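**Q** The structure's right below; bear with me while I get my questions together.
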Amino acid sequence: MRLNKYISHNSKYSRREADKLIADGDVSINKKVVSNFAIEVNEDDIVAIKNHPIKETTEYTVVVYNKPKGVLVTKKDDRGRATIYHKLGGKLRHFIPVGRLDYASEGLLLLSDSPLIVQFFMESDMVRTYNVKIDKPFSPEMEEAMKNGLTLADASAGGHEKSKIVSMEFAPFVEYEVRGQSGGNTKIRVSINEGKNRELRRFFAHFGAKVLDLKRIAYGNITLNNLPENKSRFFTKKEYTELREMMKKSQKVESKPKIQTKKFK
């Protein structure tokens with residue numbers, strides 16, 4: 001495993017912070033200071049930061065958070081807007097979000113203190129389920145694209161104004177259900193197994209529809225249930241067990257840690 005990746009996987013430091021530590025001469029392998037970010041670390045190596053050895057992490061925690069609207073999924077914002085870390089509190093400051101929900105979206109967000117677990121979730125095809133409200137009636141064209149997928153050379157509509165993503169391919173939806181229409185607006189529940197940048201907003205924008213509300217209510221078998229807005233909870237024993245079984249079957253991660261659960265005191 002690359003040195004900077006090893007540090008981010010087994011300490012409180014991010015990959016970027018690990019790079020700075022290496023550049024500053026604060027990292028050693030087997031008591032020799034190193035400056036190469038990409039050097040490979042094996043299981044027999046002793047990696048130290050500022051002369052303090054770090055150990056390979058064998059425990060992890062996963063948290064479910066009900067993100068409110070008007071909160072960013074980021075550490076800092078140059079415009080001073082609220083982030084999830086303002087809301088979550090200090091004990092979860094080092095947790096990493098599994099993907100993102102944009103500023104105007106709400107609902108279920110997973111976070112973990114293990115980059116390996118975050119990577120597993122991000123690369124999985126677990127179904128994400130959303131309640132969506134659009135400002136147009138549900139059309140046959142929308143339904144056709146949901147059933148068969150859609151490829152757009154220009155999918156910039158619905159994306160962030162600074163996004164560099166232009167084209168996008170939308171896989172067929174796993175499920176969809178029209179849950180009500182009123183005053184020209186439509187409420188739809190959709191399930192997809194991808195998590196592309198503003199995917200649903202871009203999808204509906206192609207049909208001239210603006211997403212008025214977007215709330216993620218489930219990520220695979222993990223649901224919000226009655227978790228209040230802006231509150232978090234630890235994974236249940238059942239959720240940890242199911243995650244462990246999924247990881248055993250998966251070939252998408254480099255290694256499978258000895259999974260234990262821990263709680264903050």
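Lettering and numbering for the structure tokens are positional, with chains as A, B, ... in the shown order, residues counted from 1 in each chain, and ligands counted from 1 in the shown order.
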Between segment 90-196 of chain A and segment 235-238 of chain A, at 12 Å or less, what are the per-residue closest atom pairs and their distances in Å? Count only C-alpha atoms, order by chain and rising residue number, and return it as JSON lines.
**A**
{"residue": "A:Leu110", "atom": "CA", "partner": "A:Phe235", "partner_atom": "CA", "distance": 9.6}
{"residue": "A:Leu111", "atom": "CA", "partner": "A:Phe235", "partner_atom": "CA", "distance": 10.3}
{"residue": "A:Ser112", "atom": "CA", "partner": "A:Phe235", "partner_atom": "CA", "distance": 10.2}
**Q** If you count only C-alpha atoms, which residues fall within 10 Å of segment 192-201 of chain A, apart from same-chain ones fewer than 5 positions away, as an mmCIF file with all heavy atoms, in the first residue's frame?
**A**
data_model
loop_
_atom_site.group_PDB
_atom_site.id
_atom_site.type_symbol
_atom_site.label_atom_id
_atom_site.label_comp_id
_atom_site.auth_asym_id
_atom_site.auth_seq_id
_atom_site.Cartn_x
_atom_site.Cartn_y
_atom_site.Cartn_z
ATOM 1 N N GLY A 99 -19.544 9.557 0.057
ATOM 2 C CA GLY A 99 -20.137 10.367 -0.990
ATOM 3 C C GLY A 99 -20.660 11.690 -0.435
ATOM 4 O O GLY A 99 -20.256 12.128 0.648
ATOM 5 N N ARG A 100 -21.558 12.286 -1.171
ATOM 6 C CA ARG A 100 -22.068 13.604 -0.769
ATOM 7 C C ARG A 100 -23.563 13.712 -1.044
ATOM 8 O O ARG A 100 -24.091 13.044 -1.924
ATOM 9 C CB ARG A 100 -21.349 14.719 -1.530
ATOM 10 C CG ARG A 100 -19.862 14.780 -1.243
ATOM 11 C CD ARG A 100 -19.192 15.907 -1.990
ATOM 12 N NE ARG A 100 -17.759 15.917 -1.774
ATOM 13 C CZ ARG A 100 -17.152 16.505 -0.756
ATOM 14 N NH1 ARG A 100 -17.873 17.151 0.164
ATOM 15 N NH2 ARG A 100 -15.838 16.467 -0.627
ATOM 16 N N LEU A 101 -24.192 14.563 -0.282
ATOM 17 C CA LEU A 101 -25.515 15.093 -0.610
ATOM 18 C C LEU A 101 -25.306 16.587 -0.801
ATOM 19 O O LEU A 101 -24.650 17.230 0.026
ATOM 20 C CB LEU A 101 -26.507 14.844 0.534
ATOM 21 C CG LEU A 101 -27.008 13.406 0.722
ATOM 22 C CD1 LEU A 101 -27.832 13.299 2.002
ATOM 23 C CD2 LEU A 101 -27.842 12.962 -0.472
ATOM 24 N N ASP A 102 -25.816 17.149 -1.884
ATOM 25 C CA ASP A 102 -25.528 18.556 -2.135
ATOM 26 C C ASP A 102 -26.236 19.465 -1.130
ATOM 27 O O ASP A 102 -27.036 19.024 -0.307
ATOM 28 C CB ASP A 102 -25.850 18.933 -3.587
ATOM 29 C CG ASP A 102 -27.328 18.801 -3.931
ATOM 30 O OD1 ASP A 102 -28.165 19.318 -3.180
ATOM 31 O OD2 ASP A 102 -27.649 18.192 -4.972
ATOM 32 N N SER A 105 -29.948 19.259 -0.717
ATOM 33 C CA SER A 105 -30.507 17.928 -0.487
ATOM 34 C C SER A 105 -30.422 17.551 0.981
ATOM 35 O O SER A 105 -29.661 18.141 1.750
ATOM 36 C CB SER A 105 -29.775 16.884 -1.336
ATOM 37 O OG SER A 105 -29.915 17.177 -2.716
ATOM 38 N N MET A 122 -18.468 3.317 -1.344
ATOM 39 C CA MET A 122 -18.454 4.127 -2.560
ATOM 40 C C MET A 122 -18.400 3.260 -3.815
ATOM 41 O O MET A 122 -18.989 3.596 -4.839
ATOM 42 C CB MET A 122 -17.249 5.069 -2.526
ATOM 43 C CG MET A 122 -17.338 6.162 -1.474
ATOM 44 S SD MET A 122 -18.490 7.471 -1.918
ATOM 45 C CE MET A 122 -17.594 8.268 -3.245
ATOM 46 N N GLU A 123 -17.678 2.141 -3.734
ATOM 47 C CA GLU A 123 -17.506 1.289 -4.911
ATOM 48 C C GLU A 123 -18.589 0.226 -5.040
ATOM 49 O O GLU A 123 -18.649 -0.486 -6.041
ATOM 50 C CB GLU A 123 -16.132 0.619 -4.860
ATOM 51 C CG GLU A 123 -14.985 1.617 -4.988
ATOM 52 C CD GLU A 123 -13.624 0.944 -4.952
ATOM 53 O OE1 GLU A 123 -13.579 -0.289 -4.726
ATOM 54 O OE2 GLU A 123 -12.620 1.645 -5.143
ATOM 55 N N SER A 124 -19.449 0.136 -4.038
ATOM 56 C CA SER A 124 -20.492 -0.884 -4.074
ATOM 57 C C SER A 124 -21.633 -0.460 -4.994
ATOM 58 O O SER A 124 -21.758 0.717 -5.357
ATOM 59 C CB SER A 124 -21.048 -1.116 -2.660
ATOM 60 O OG SER A 124 -21.928 -0.068 -2.282
ATOM 61 N N ASP A 125 -22.463 -1.417 -5.368
ATOM 62 C CA ASP A 125 -23.651 -1.112 -6.161
ATOM 63 C C ASP A 125 -24.906 -1.152 -5.288
ATOM 64 O O ASP A 125 -26.002 -1.442 -5.768
ATOM 65 C CB ASP A 125 -23.783 -2.067 -7.341
ATOM 66 C CG ASP A 125 -23.869 -3.531 -6.912
ATOM 67 O OD1 ASP A 125 -23.791 -3.800 -5.690
ATOM 68 O OD2 ASP A 125 -24.008 -4.393 -7.793
ATOM 69 N N MET A 126 -24.722 -0.850 -4.003
ATOM 70 C CA MET A 126 -25.869 -0.825 -3.091
ATOM 71 C C MET A 126 -26.891 0.192 -3.575
ATOM 72 O O MET A 126 -26.552 1.282 -4.046
ATOM 73 C CB MET A 126 -25.398 -0.478 -1.670
ATOM 74 C CG MET A 126 -24.501 -1.544 -1.053
ATOM 75 S SD MET A 126 -23.770 -1.035 0.528
ATOM 76 C CE MET A 126 -25.243 -1.006 1.564
ATOM 77 N N VAL A 127 -28.147 -0.155 -3.455
ATOM 78 C CA VAL A 127 -29.232 0.684 -3.965
ATOM 79 C C VAL A 127 -29.443 1.895 -3.058
ATOM 80 O O VAL A 127 -29.534 1.770 -1.846
ATOM 81 C CB VAL A 127 -30.533 -0.137 -4.080
ATOM 82 C CG1 VAL A 127 -31.701 0.764 -4.468
ATOM 83 C CG2 VAL A 127 -30.355 -1.259 -5.088
ATOM 84 N N ARG A 128 -29.487 3.065 -3.683
ATOM 85 C CA ARG A 128 -29.795 4.305 -2.963
ATOM 86 C C ARG A 128 -31.236 4.706 -3.291
ATOM 87 O O ARG A 128 -31.599 4.772 -4.469
ATOM 88 C CB ARG A 128 -28.873 5.443 -3.379
ATOM 89 C CG ARG A 128 -27.418 5.313 -2.919
ATOM 90 C CD ARG A 128 -26.597 4.459 -3.820
ATOM 91 N NE ARG A 128 -25.183 4.824 -3.784
ATOM 92 C CZ ARG A 128 -24.196 4.046 -4.163
ATOM 93 N NH1 ARG A 128 -24.444 2.816 -4.614
ATOM 94 N NH2 ARG A 128 -22.946 4.453 -4.107
ATOM 95 N N THR A 129 -32.032 4.976 -2.279
ATOM 96 C CA THR A 129 -33.448 5.309 -2.491
ATOM 97 C C THR A 129 -33.718 6.742 -2.055
ATOM 98 O O THR A 129 -33.276 7.172 -0.980
ATOM 99 C CB THR A 129 -34.357 4.344 -1.719
ATOM 100 O OG1 THR A 129 -34.098 3.011 -2.168
ATOM 101 C CG2 THR A 129 -35.830 4.669 -1.958
ATOM 102 N N TYR A 130 -34.458 7.479 -2.896
ATOM 103 C CA TYR A 130 -34.707 8.896 -2.669
ATOM 104 C C TYR A 130 -36.189 9.218 -2.845
ATOM 105 O O TYR A 130 -36.864 8.636 -3.700
ATOM 106 C CB TYR A 130 -33.939 9.757 -3.674
ATOM 107 C CG TYR A 130 -32.443 9.580 -3.664
ATOM 108 C CD1 TYR A 130 -31.843 8.522 -4.346
ATOM 109 C CD2 TYR A 130 -31.613 10.471 -2.988
ATOM 110 C CE1 TYR A 130 -30.472 8.354 -4.351
ATOM 111 C CE2 TYR A 130 -30.235 10.318 -2.989
ATOM 112 C CZ TYR A 130 -29.671 9.257 -3.674
ATOM 113 O OH TYR A 130 -28.312 9.092 -3.675
ATOM 114 N N VAL A 132 -38.247 12.281 -4.214
ATOM 115 C CA VAL A 132 -37.958 13.441 -5.051
ATOM 116 C C VAL A 132 -39.259 14.174 -5.374
ATOM 117 O O VAL A 132 -40.289 13.543 -5.648
ATOM 118 C CB VAL A 132 -37.278 13.012 -6.378
ATOM 119 C CG1 VAL A 132 -36.886 14.225 -7.199
ATOM 120 C CG2 VAL A 132 -36.063 12.138 -6.103
ATOM 121 N N ILE A 134 -40.560 17.116 -8.064
ATOM 122 C CA ILE A 134 -40.199 17.935 -9.225
ATOM 123 C C ILE A 134 -41.349 18.877 -9.570
ATOM 124 O O ILE A 134 -42.491 18.669 -9.156
ATOM 125 C CB ILE A 134 -39.848 17.055 -10.442
ATOM 126 C CG1 ILE A 134 -41.043 16.169 -10.822
ATOM 127 C CG2 ILE A 134 -38.619 16.212 -10.153
ATOM 128 C CD1 ILE A 134 -40.827 15.367 -12.118
ATOM 129 N N MET A 146 -36.146 6.095 -17.344
ATOM 130 C CA MET A 146 -35.954 5.372 -16.093
ATOM 131 C C MET A 146 -35.862 3.867 -16.346
ATOM 132 O O MET A 146 -35.074 3.161 -15.717
ATOM 133 C CB MET A 146 -37.108 5.664 -15.126
ATOM 134 C CG MET A 146 -37.074 7.040 -14.517
ATOM 135 S SD MET A 146 -38.471 7.289 -13.378
ATOM 136 C CE MET A 146 -38.140 8.965 -12.813
ATOM 137 N N ALA A 155 -25.000 17.048 -20.041
ATOM 138 C CA ALA A 155 -25.801 16.866 -18.828
ATOM 139 C C ALA A 155 -25.500 17.971 -17.817
ATOM 140 O O ALA A 155 -25.617 17.776 -16.612
ATOM 141 C CB ALA A 155 -25.507 15.497 -18.210
ATOM 142 N N SER A 156 -25.114 19.137 -18.340
ATOM 143 C CA SER A 156 -24.722 20.225 -17.442
ATOM 144 C C SER A 156 -25.923 20.832 -16.725
ATOM 145 O O SER A 156 -25.793 21.328 -15.597
ATOM 146 C CB SER A 156 -23.967 21.305 -18.209
ATOM 147 O OG SER A 156 -24.716 21.759 -19.330
ATOM 148 N N ALA A 157 -27.094 20.811 -17.351
ATOM 149 C CA ALA A 157 -28.300 21.327 -16.694
ATOM 150 C C ALA A 157 -28.580 20.505 -15.442
ATOM 151 O O ALA A 157 -28.570 19.278 -15.475
ATOM 152 C CB ALA A 157 -29.491 21.266 -17.639
ATOM 153 N N GLY A 158 -28.795 21.187 -14.341
ATOM 154 C CA GLY A 158 -29.027 20.499 -13.072
ATOM 155 C C GLY A 158 -27.766 20.294 -12.261
ATOM 156 O O GLY A 158 -27.823 19.979 -11.075
ATOM 157 N N GLY A 159 -26.597 20.462 -12.896
ATOM 158 C CA GLY A 159 -25.335 20.331 -12.191
ATOM 159 C C GLY A 159 -24.929 21.638 -11.536
ATOM 160 O O GLY A 159 -25.536 22.683 -11.775
ATOM 161 N N HIS A 160 -23.904 21.578 -10.722
ATOM 162 C CA HIS A 160 -23.375 22.790 -10.109
ATOM 163 C C HIS A 160 -22.730 23.649 -11.183
ATOM 164 O O HIS A 160 -22.119 23.142 -12.131
ATOM 165 C CB HIS A 160 -22.353 22.424 -9.036
ATOM 166 C CG HIS A 160 -21.954 23.570 -8.166
ATOM 167 N ND1 HIS A 160 -21.014 24.496 -8.540
ATOM 168 C CD2 HIS A 160 -22.381 23.955 -6.924
ATOM 169 C CE1 HIS A 160 -20.856 25.397 -7.583
ATOM 170 N NE2 HIS A 160 -21.683 25.093 -6.593
ATOM 171 N N SER A 163 -19.189 22.843 -11.890
ATOM 172 C CA SER A 163 -18.867 21.450 -12.193
ATOM 173 C C SER A 163 -18.224 21.334 -13.572
ATOM 174 O O SER A 163 -18.648 21.975 -14.530
ATOM 175 C CB SER A 163 -20.133 20.584 -12.141
ATOM 176 O OG SER A 163 -19.844 19.267 -12.541
ATOM 177 N N ILE A 165 -18.091 18.403 -15.033
ATOM 178 C CA ILE A 165 -18.730 17.245 -15.658
ATOM 179 C C ILE A 165 -19.737 17.722 -16.695
ATOM 180 O O ILE A 165 -20.599 18.556 -16.398
ATOM 181 C CB ILE A 165 -19.436 16.373 -14.607
ATOM 182 C CG1 ILE A 165 -18.417 15.817 -13.610
ATOM 183 C CG2 ILE A 165 -20.197 15.231 -15.272
ATOM 184 C CD1 ILE A 165 -19.054 15.089 -12.440
ATOM 185 N N MET A 168 -22.921 12.537 -19.315
ATOM 186 C CA MET A 168 -23.242 11.587 -18.256
ATOM 187 C C MET A 168 -24.112 10.475 -18.812
ATOM 188 O O MET A 168 -24.991 10.703 -19.650
ATOM 189 C CB MET A 168 -23.952 12.284 -17.092
ATOM 190 C CG MET A 168 -24.180 11.402 -15.874
ATOM 191 S SD MET A 168 -24.776 12.331 -14.409
ATOM 192 C CE MET A 168 -23.257 13.143 -13.876
ATOM 193 N N GLU A 169 -23.855 9.270 -18.305
ATOM 194 C CA GLU A 169 -24.663 8.120 -18.669
ATOM 195 C C GLU A 169 -25.450 7.668 -17.448
ATOM 196 O O GLU A 169 -24.886 7.444 -16.380
ATOM 197 C CB GLU A 169 -23.774 6.981 -19.172
ATOM 198 C CG GLU A 169 -24.554 5.776 -19.678
ATOM 199 C CD GLU A 169 -23.669 4.737 -20.331
ATOM 200 O OE1 GLU A 169 -22.521 5.083 -20.690
ATOM 201 O OE2 GLU A 169 -24.126 3.589 -20.481
ATOM 202 N N PHE A 170 -26.758 7.538 -17.610
ATOM 203 C CA PHE A 170 -27.645 7.143 -16.522
ATOM 204 C C PHE A 170 -28.079 5.701 -16.732
ATOM 205 O O PHE A 170 -28.681 5.379 -17.756
ATOM 206 C CB PHE A 170 -28.886 8.047 -16.468
ATOM 207 C CG PHE A 170 -28.568 9.517 -16.330
ATOM 208 C CD1 PHE A 170 -28.278 10.292 -17.445
ATOM 209 C CD2 PHE A 170 -28.563 10.109 -15.081
ATOM 210 C CE1 PHE A 170 -27.990 11.648 -17.325
ATOM 211 C CE2 PHE A 170 -28.282 11.464 -14.945
ATOM 212 C CZ PHE A 170 -27.987 12.227 -16.064
ATOM 213 N N ALA A 171 -27.777 4.857 -15.772
ATOM 214 C CA ALA A 171 -28.215 3.461 -15.854
ATOM 215 C C ALA A 171 -29.717 3.379 -15.604
ATOM 216 O O ALA A 171 -30.306 4.290 -14.993
ATOM 217 C CB ALA A 171 -27.469 2.625 -14.815
ATOM 218 N N PRO A 172 -30.376 2.312 -16.065
ATOM 219 C CA PRO A 172 -31.790 2.149 -15.734
ATOM 220 C C PRO A 172 -32.012 2.200 -14.226
ATOM 221 O O PRO A 172 -31.183 1.694 -13.463
ATOM 222 C CB PRO A 172 -32.109 0.755 -16.292
ATOM 223 C CG PRO A 172 -31.110 0.549 -17.383
ATOM 224 C CD PRO A 172 -29.856 1.224 -16.912
ATOM 225 N N PHE A 173 -33.086 2.827 -13.812
ATOM 226 C CA PHE A 173 -33.407 2.911 -12.389
ATOM 227 C C PHE A 173 -33.760 1.513 -11.877
ATOM 228 O O PHE A 173 -34.334 0.693 -12.590
ATOM 229 C CB PHE A 173 -34.586 3.850 -12.160
ATOM 230 C CG PHE A 173 -34.237 5.319 -12.294
ATOM 231 C CD1 PHE A 173 -33.231 5.760 -13.152
ATOM 232 C CD2 PHE A 173 -34.918 6.269 -11.559
ATOM 233 C CE1 PHE A 173 -32.920 7.105 -13.282
ATOM 234 C CE2 PHE A 173 -34.618 7.623 -11.672
ATOM 235 C CZ PHE A 173 -33.617 8.040 -12.537
ATOM 236 N N VAL A 174 -33.427 1.247 -10.635
ATOM 237 C CA VAL A 174 -33.778 -0.037 -10.030
ATOM 238 C C VAL A 174 -35.276 -0.115 -9.806
ATOM 239 O O VAL A 174 -35.926 -1.121 -10.108
ATOM 240 C CB VAL A 174 -33.020 -0.228 -8.694
ATOM 241 C CG1 VAL A 174 -33.430 -1.546 -8.030
ATOM 242 C CG2 VAL A 174 -31.515 -0.194 -8.920
ATOM 243 N N GLU A 175 -35.842 0.961 -9.285
ATOM 244 C CA GLU A 175 -37.292 1.062 -9.064
ATOM 245 C C GLU A 175 -37.705 2.521 -9.161
ATOM 246 O O GLU A 175 -36.881 3.423 -8.975
ATOM 247 C CB GLU A 175 -37.680 0.539 -7.676
ATOM 248 C CG GLU A 175 -37.556 -0.958 -7.475
ATOM 249 C CD GLU A 175 -38.008 -1.399 -6.087
ATOM 250 O OE1 GLU A 175 -37.745 -0.655 -5.106
ATOM 251 O OE2 GLU A 175 -38.623 -2.469 -5.994
ATOM 252 N N TYR A 176 -38.970 2.741 -9.429
ATOM 253 C CA TYR A 176 -39.527 4.099 -9.366
ATOM 254 C C TYR A 176 -41.027 3.988 -9.099
ATOM 255 O O TYR A 176 -41.681 3.022 -9.486
ATOM 256 C CB TYR A 176 -39.257 4.884 -10.657
ATOM 257 C CG TYR A 176 -39.792 4.230 -11.895
ATOM 258 C CD1 TYR A 176 -41.078 4.521 -12.376
ATOM 259 C CD2 TYR A 176 -39.029 3.311 -12.592
ATOM 260 C CE1 TYR A 176 -41.569 3.914 -13.515
ATOM 261 C CE2 TYR A 176 -39.511 2.698 -13.739
ATOM 262 C CZ TYR A 176 -40.783 3.001 -14.195
ATOM 263 O OH TYR A 176 -41.270 2.396 -15.319
ATOM 264 N N HIS A 206 -32.931 17.330 -17.719
ATOM 265 C CA HIS A 206 -32.978 17.013 -19.150
ATOM 266 C C HIS A 206 -34.406 17.079 -19.683
ATOM 267 O O HIS A 206 -34.621 17.376 -20.861
ATOM 268 C CB HIS A 206 -32.404 15.609 -19.375
ATOM 269 C CG HIS A 206 -32.549 15.115 -20.777
ATOM 270 N ND1 HIS A 206 -31.893 15.684 -21.850
ATOM 271 C CD2 HIS A 206 -33.312 14.094 -21.291
ATOM 272 C CE1 HIS A 206 -32.225 15.033 -22.954
ATOM 273 N NE2 HIS A 206 -33.079 14.072 -22.650
ATOM 274 N N ALA A 209 -37.449 19.660 -15.958
ATOM 275 C CA ALA A 209 -38.030 19.653 -14.611
ATOM 276 C C ALA A 209 -36.973 20.027 -13.574
ATOM 277 O O ALA A 209 -35.833 19.544 -13.620
ATOM 278 C CB ALA A 209 -38.607 18.280 -14.282
ATOM 279 N N LYS A 210 -37.357 20.858 -12.655
ATOM 280 C CA LYS A 210 -36.471 21.253 -11.559
ATOM 281 C C LYS A 210 -36.805 20.420 -10.328
ATOM 282 O O LYS A 210 -37.969 20.214 -9.996
ATOM 283 C CB LYS A 210 -36.656 22.732 -11.235
ATOM 284 C CG LYS A 210 -35.763 23.231 -10.106
ATOM 285 C CD LYS A 210 -35.979 24.713 -9.853
ATOM 286 C CE LYS A 210 -35.093 25.213 -8.716
ATOM 287 N NZ LYS A 210 -35.310 26.661 -8.450
ATOM 288 N N VAL A 211 -35.775 19.918 -9.666
ATOM 289 C CA VAL A 211 -35.975 19.176 -8.423
ATOM 290 C C VAL A 211 -36.188 20.176 -7.291
ATOM 291 O O VAL A 211 -35.308 20.971 -6.981
ATOM 292 C CB VAL A 211 -34.765 18.263 -8.119
ATOM 293 C CG1 VAL A 211 -34.914 17.638 -6.735
ATOM 294 C CG2 VAL A 211 -34.643 17.179 -9.179
ATOM 295 N N LEU A 212 -37.366 20.125 -6.681
ATOM 296 C CA LEU A 212 -37.707 21.035 -5.584
ATOM 297 C C LEU A 212 -37.260 20.483 -4.236
ATOM 298 O O LEU A 212 -36.827 21.237 -3.357
ATOM 299 C CB LEU A 212 -39.222 21.288 -5.571
ATOM 300 C CG LEU A 212 -39.819 21.852 -6.859
ATOM 301 C CD1 LEU A 212 -41.339 21.955 -6.724
ATOM 302 C CD2 LEU A 212 -39.219 23.219 -7.190
ATOM 303 N N ASP A 213 -37.381 19.178 -4.078
ATOM 304 C CA ASP A 213 -36.953 18.510 -2.839
ATOM 305 C C ASP A 213 -36.294 17.191 -3.207
ATOM 306 O O ASP A 213 -36.761 16.485 -4.105
ATOM 307 C CB ASP A 213 -38.146 18.228 -1.912
ATOM 308 C CG ASP A 213 -38.772 19.495 -1.368
ATOM 309 O OD1 ASP A 213 -38.048 20.299 -0.747
ATOM 310 O OD2 ASP A 213 -39.985 19.673 -1.572
ATOM 311 N N LEU A 214 -35.232 16.856 -2.477
ATOM 312 C CA LEU A 214 -34.562 15.582 -2.700
ATOM 313 C C LEU A 214 -34.072 15.070 -1.353
ATOM 314 O O LEU A 214 -33.283 15.738 -0.681
ATOM 315 C CB LEU A 214 -33.387 15.743 -3.670
ATOM 316 C CG LEU A 214 -32.753 14.443 -4.201
ATOM 317 C CD1 LEU A 214 -32.126 14.689 -5.569
ATOM 318 C CD2 LEU A 214 -31.699 13.902 -3.248
ATOM 319 N N TYR A 219 -29.929 3.546 2.042
ATOM 320 C CA TYR A 219 -28.674 3.199 1.358
ATOM 321 C C TYR A 219 -28.512 1.701 1.560
ATOM 322 O O TYR A 219 -28.090 1.253 2.619
ATOM 323 C CB TYR A 219 -27.516 3.962 1.987
ATOM 324 C CG TYR A 219 -26.261 4.068 1.137
ATOM 325 C CD1 TYR A 219 -25.826 5.301 0.666
ATOM 326 C CD2 TYR A 219 -25.510 2.948 0.816
ATOM 327 C CE1 TYR A 219 -24.670 5.417 -0.089
ATOM 328 C CE2 TYR A 219 -24.357 3.048 0.057
ATOM 329 C CZ TYR A 219 -23.942 4.279 -0.390
ATOM 330 O OH TYR A 219 -22.792 4.400 -1.152
ATOM 331 N N GLY A 220 -28.892 0.923 0.557
ATOM 332 C CA GLY A 220 -28.942 -0.524 0.740
ATOM 333 C C GLY A 220 -29.981 -0.867 1.794
ATOM 334 O O GLY A 220 -31.116 -0.401 1.757
#
**Q** Do you know which residues are at most 10 Å from Asn10 of chain A counting only C-alpha atoms, after dropping those on the same chain fewer than 6 positions away, and could you put them as JSON, numbers by chain?
**A** {"A": [54, 55, 56, 57, 58, 59, 113, 114, 115, 116]}
**Q** Extract the full set of helix (DSSP H, G or I) residues from segment 33-254 of chain A according to DSSP on the backbone, and format it as a ChimeraX atom specification.
**A** /A:84-88,90-92,115-123,140-148,199-206,237-249
**Q** Could you pull out all residues of segment 155-236 of chain A with a DSSP call of strand (DSSP E or B) and give them as a ChimeraX atom specification?
**A** /A:168-170,175-182,185-192,211-219,222-223,232-234
**Q** Identify, on the basis of only C-alpha atoms, every residue whose closest approach to Gly183 of chain A does not exceed 10 Å; exclude the query and any residue fewer than 3 positions from it along the same chain; express the result as a list of chain:residue names.
**A**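 My reading of the contact set: A:Asp135, A:Lys136, A:Pro137, A:Thr186.
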**Q** Taking into account only C-alpha atoms, which residue in the set A:Phe204, A:Thr241, A:Ser8, A:Arg15 is nearest to Glu143 of chain A?
**A**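 Counting only C-alpha atoms, the residue closest to Glu143 of chain A is A:Phe204.
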**Q** Under the rule that only C-alpha atoms are counted, which of A:Val63, A:Arg79, A:Asn4, A:Gly90 is the nearest residue to Glu239 of chain A?
**A** A:Val63
**Q** Determine, counting only C-alpha atoms, which protein, DNA and RNA residues have an atom within 6 Å of an atom of Ser167 of chain A; residues of the same chain fewer than 2 positions away are not included. Present the result as an mmCIF file with C-alpha atoms, in the first residue's frame.
**A**
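The resulting file, selection.cif, is shown below:
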data_model
loop_
_atom_site.group_PDB
_atom_site.id
_atom_site.type_symbol
_atom_site.label_atom_id
_atom_site.label_comp_id
_atom_site.auth_asym_id
_atom_site.auth_seq_id
_atom_site.Cartn_x
_atom_site.Cartn_y
_atom_site.Cartn_z
ATOM 1 C CA LEU A 152 -26.477 12.656 -22.478
ATOM 2 C CA ALA A 153 -23.679 14.414 -24.327
ATOM 3 C CA ASP A 154 -24.608 17.535 -22.381
ATOM 4 C CA ALA A 155 -25.801 16.866 -18.828
#
**Q** Counting only C-alpha atoms, give me one row per residue of segment 112-177 of chain A with an atom at most 10 Å from an atom of segment 245-250 of chain A, showing the shortest contact pair and its distance in Å to one decimal, sorted by chain then residue number, as a tab-separated table.
**A**
residue	atom	partner	partner_atom	distance
A:Ile117	CA	A:Met247	CA	9.1
A:Phe120	CA	A:Met247	CA	7.7
A:Phe121	CA	A:Met247	CA	9.7
A:Ser124	CA	A:Ser250	CA	8.8
**Q** Please write the residues from the selection above to a file, keeping N, CA and C atoms, as a PDB file, in the first residue's frame.
**A**
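The resulting file, selection.pdb, is reproduced below:
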ATOM      1  N   ILE A 117     -13.579   1.404   4.754  1.00  0.00           N
ATOM      2  CA  ILE A 117     -15.029   1.195   4.761  1.00  0.00           C
ATOM      3  C   ILE A 117     -15.711   2.188   3.829  1.00  0.00           C
ATOM      4  N   PHE A 120     -15.272   1.000   0.381  1.00  0.00           N
ATOM      5  CA  PHE A 120     -16.149  -0.127   0.090  1.00  0.00           C
ATOM      6  C   PHE A 120     -17.552   0.354  -0.281  1.00  0.00           C
ATOM      7  N   PHE A 121     -18.109   1.241   0.534  1.00  0.00           N
ATOM      8  CA  PHE A 121     -19.447   1.753   0.250  1.00  0.00           C
ATOM      9  C   PHE A 121     -19.489   2.496  -1.088  1.00  0.00           C
ATOM     10  N   SER A 124     -19.449   0.136  -4.038  1.00  0.00           N
ATOM     11  CA  SER A 124     -20.492  -0.884  -4.074  1.00  0.00           C
ATOM     12  C   SER A 124     -21.633  -0.460  -4.994  1.00  0.00           C
TER      13      SER A 124
END
**Q** With distances taken over only C-alpha atoms, which of A:Glu229, A:Glu106, A:Glu17, A:Glu144 is nearest to Val73 of chain A?
**A** A:Glu106
**Q** Report, in Å with one decimal, the straight-line distance from atom CA of Val190 of chain A to atom CA of Val118 of chain A.
**A**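 Between atom CA of Val190 of chain A and atom CA of Val118 of chain A the gap is 23.2 Å.
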**Q** Point out the residue among A:Asn230, A:Leu21, A:Asn36, A:Asn51 with the least atom-to-atom distance to Gly70 of chain A, counting only C-alpha atoms.
**A**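 Among the listed residues, the smallest separation from Gly70 of chain A belongs to A:Asn230.
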**Q** With distances taken over only C-alpha atoms, which of A:Arg2, A:Lys50, A:Ser232, A:Phe138 is nearest to Gln181 of chain A?
**A**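 Going through A:Arg2, A:Lys50, A:Ser232, A:Phe138 one by one, the smallest distance to Gln181 of chain A is for A:Phe138.
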**Q** Hey, what's within 9 Å of Val41 of chain A if we count only C-alpha atoms and toss same-chain stuff fewer than 6 positions away? As a list in words, please?
**A**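 Counting only C-alpha atoms, the residues come to Met1, Arg2, Leu3, Tyr6, Ile29 and Val47 of chain A.
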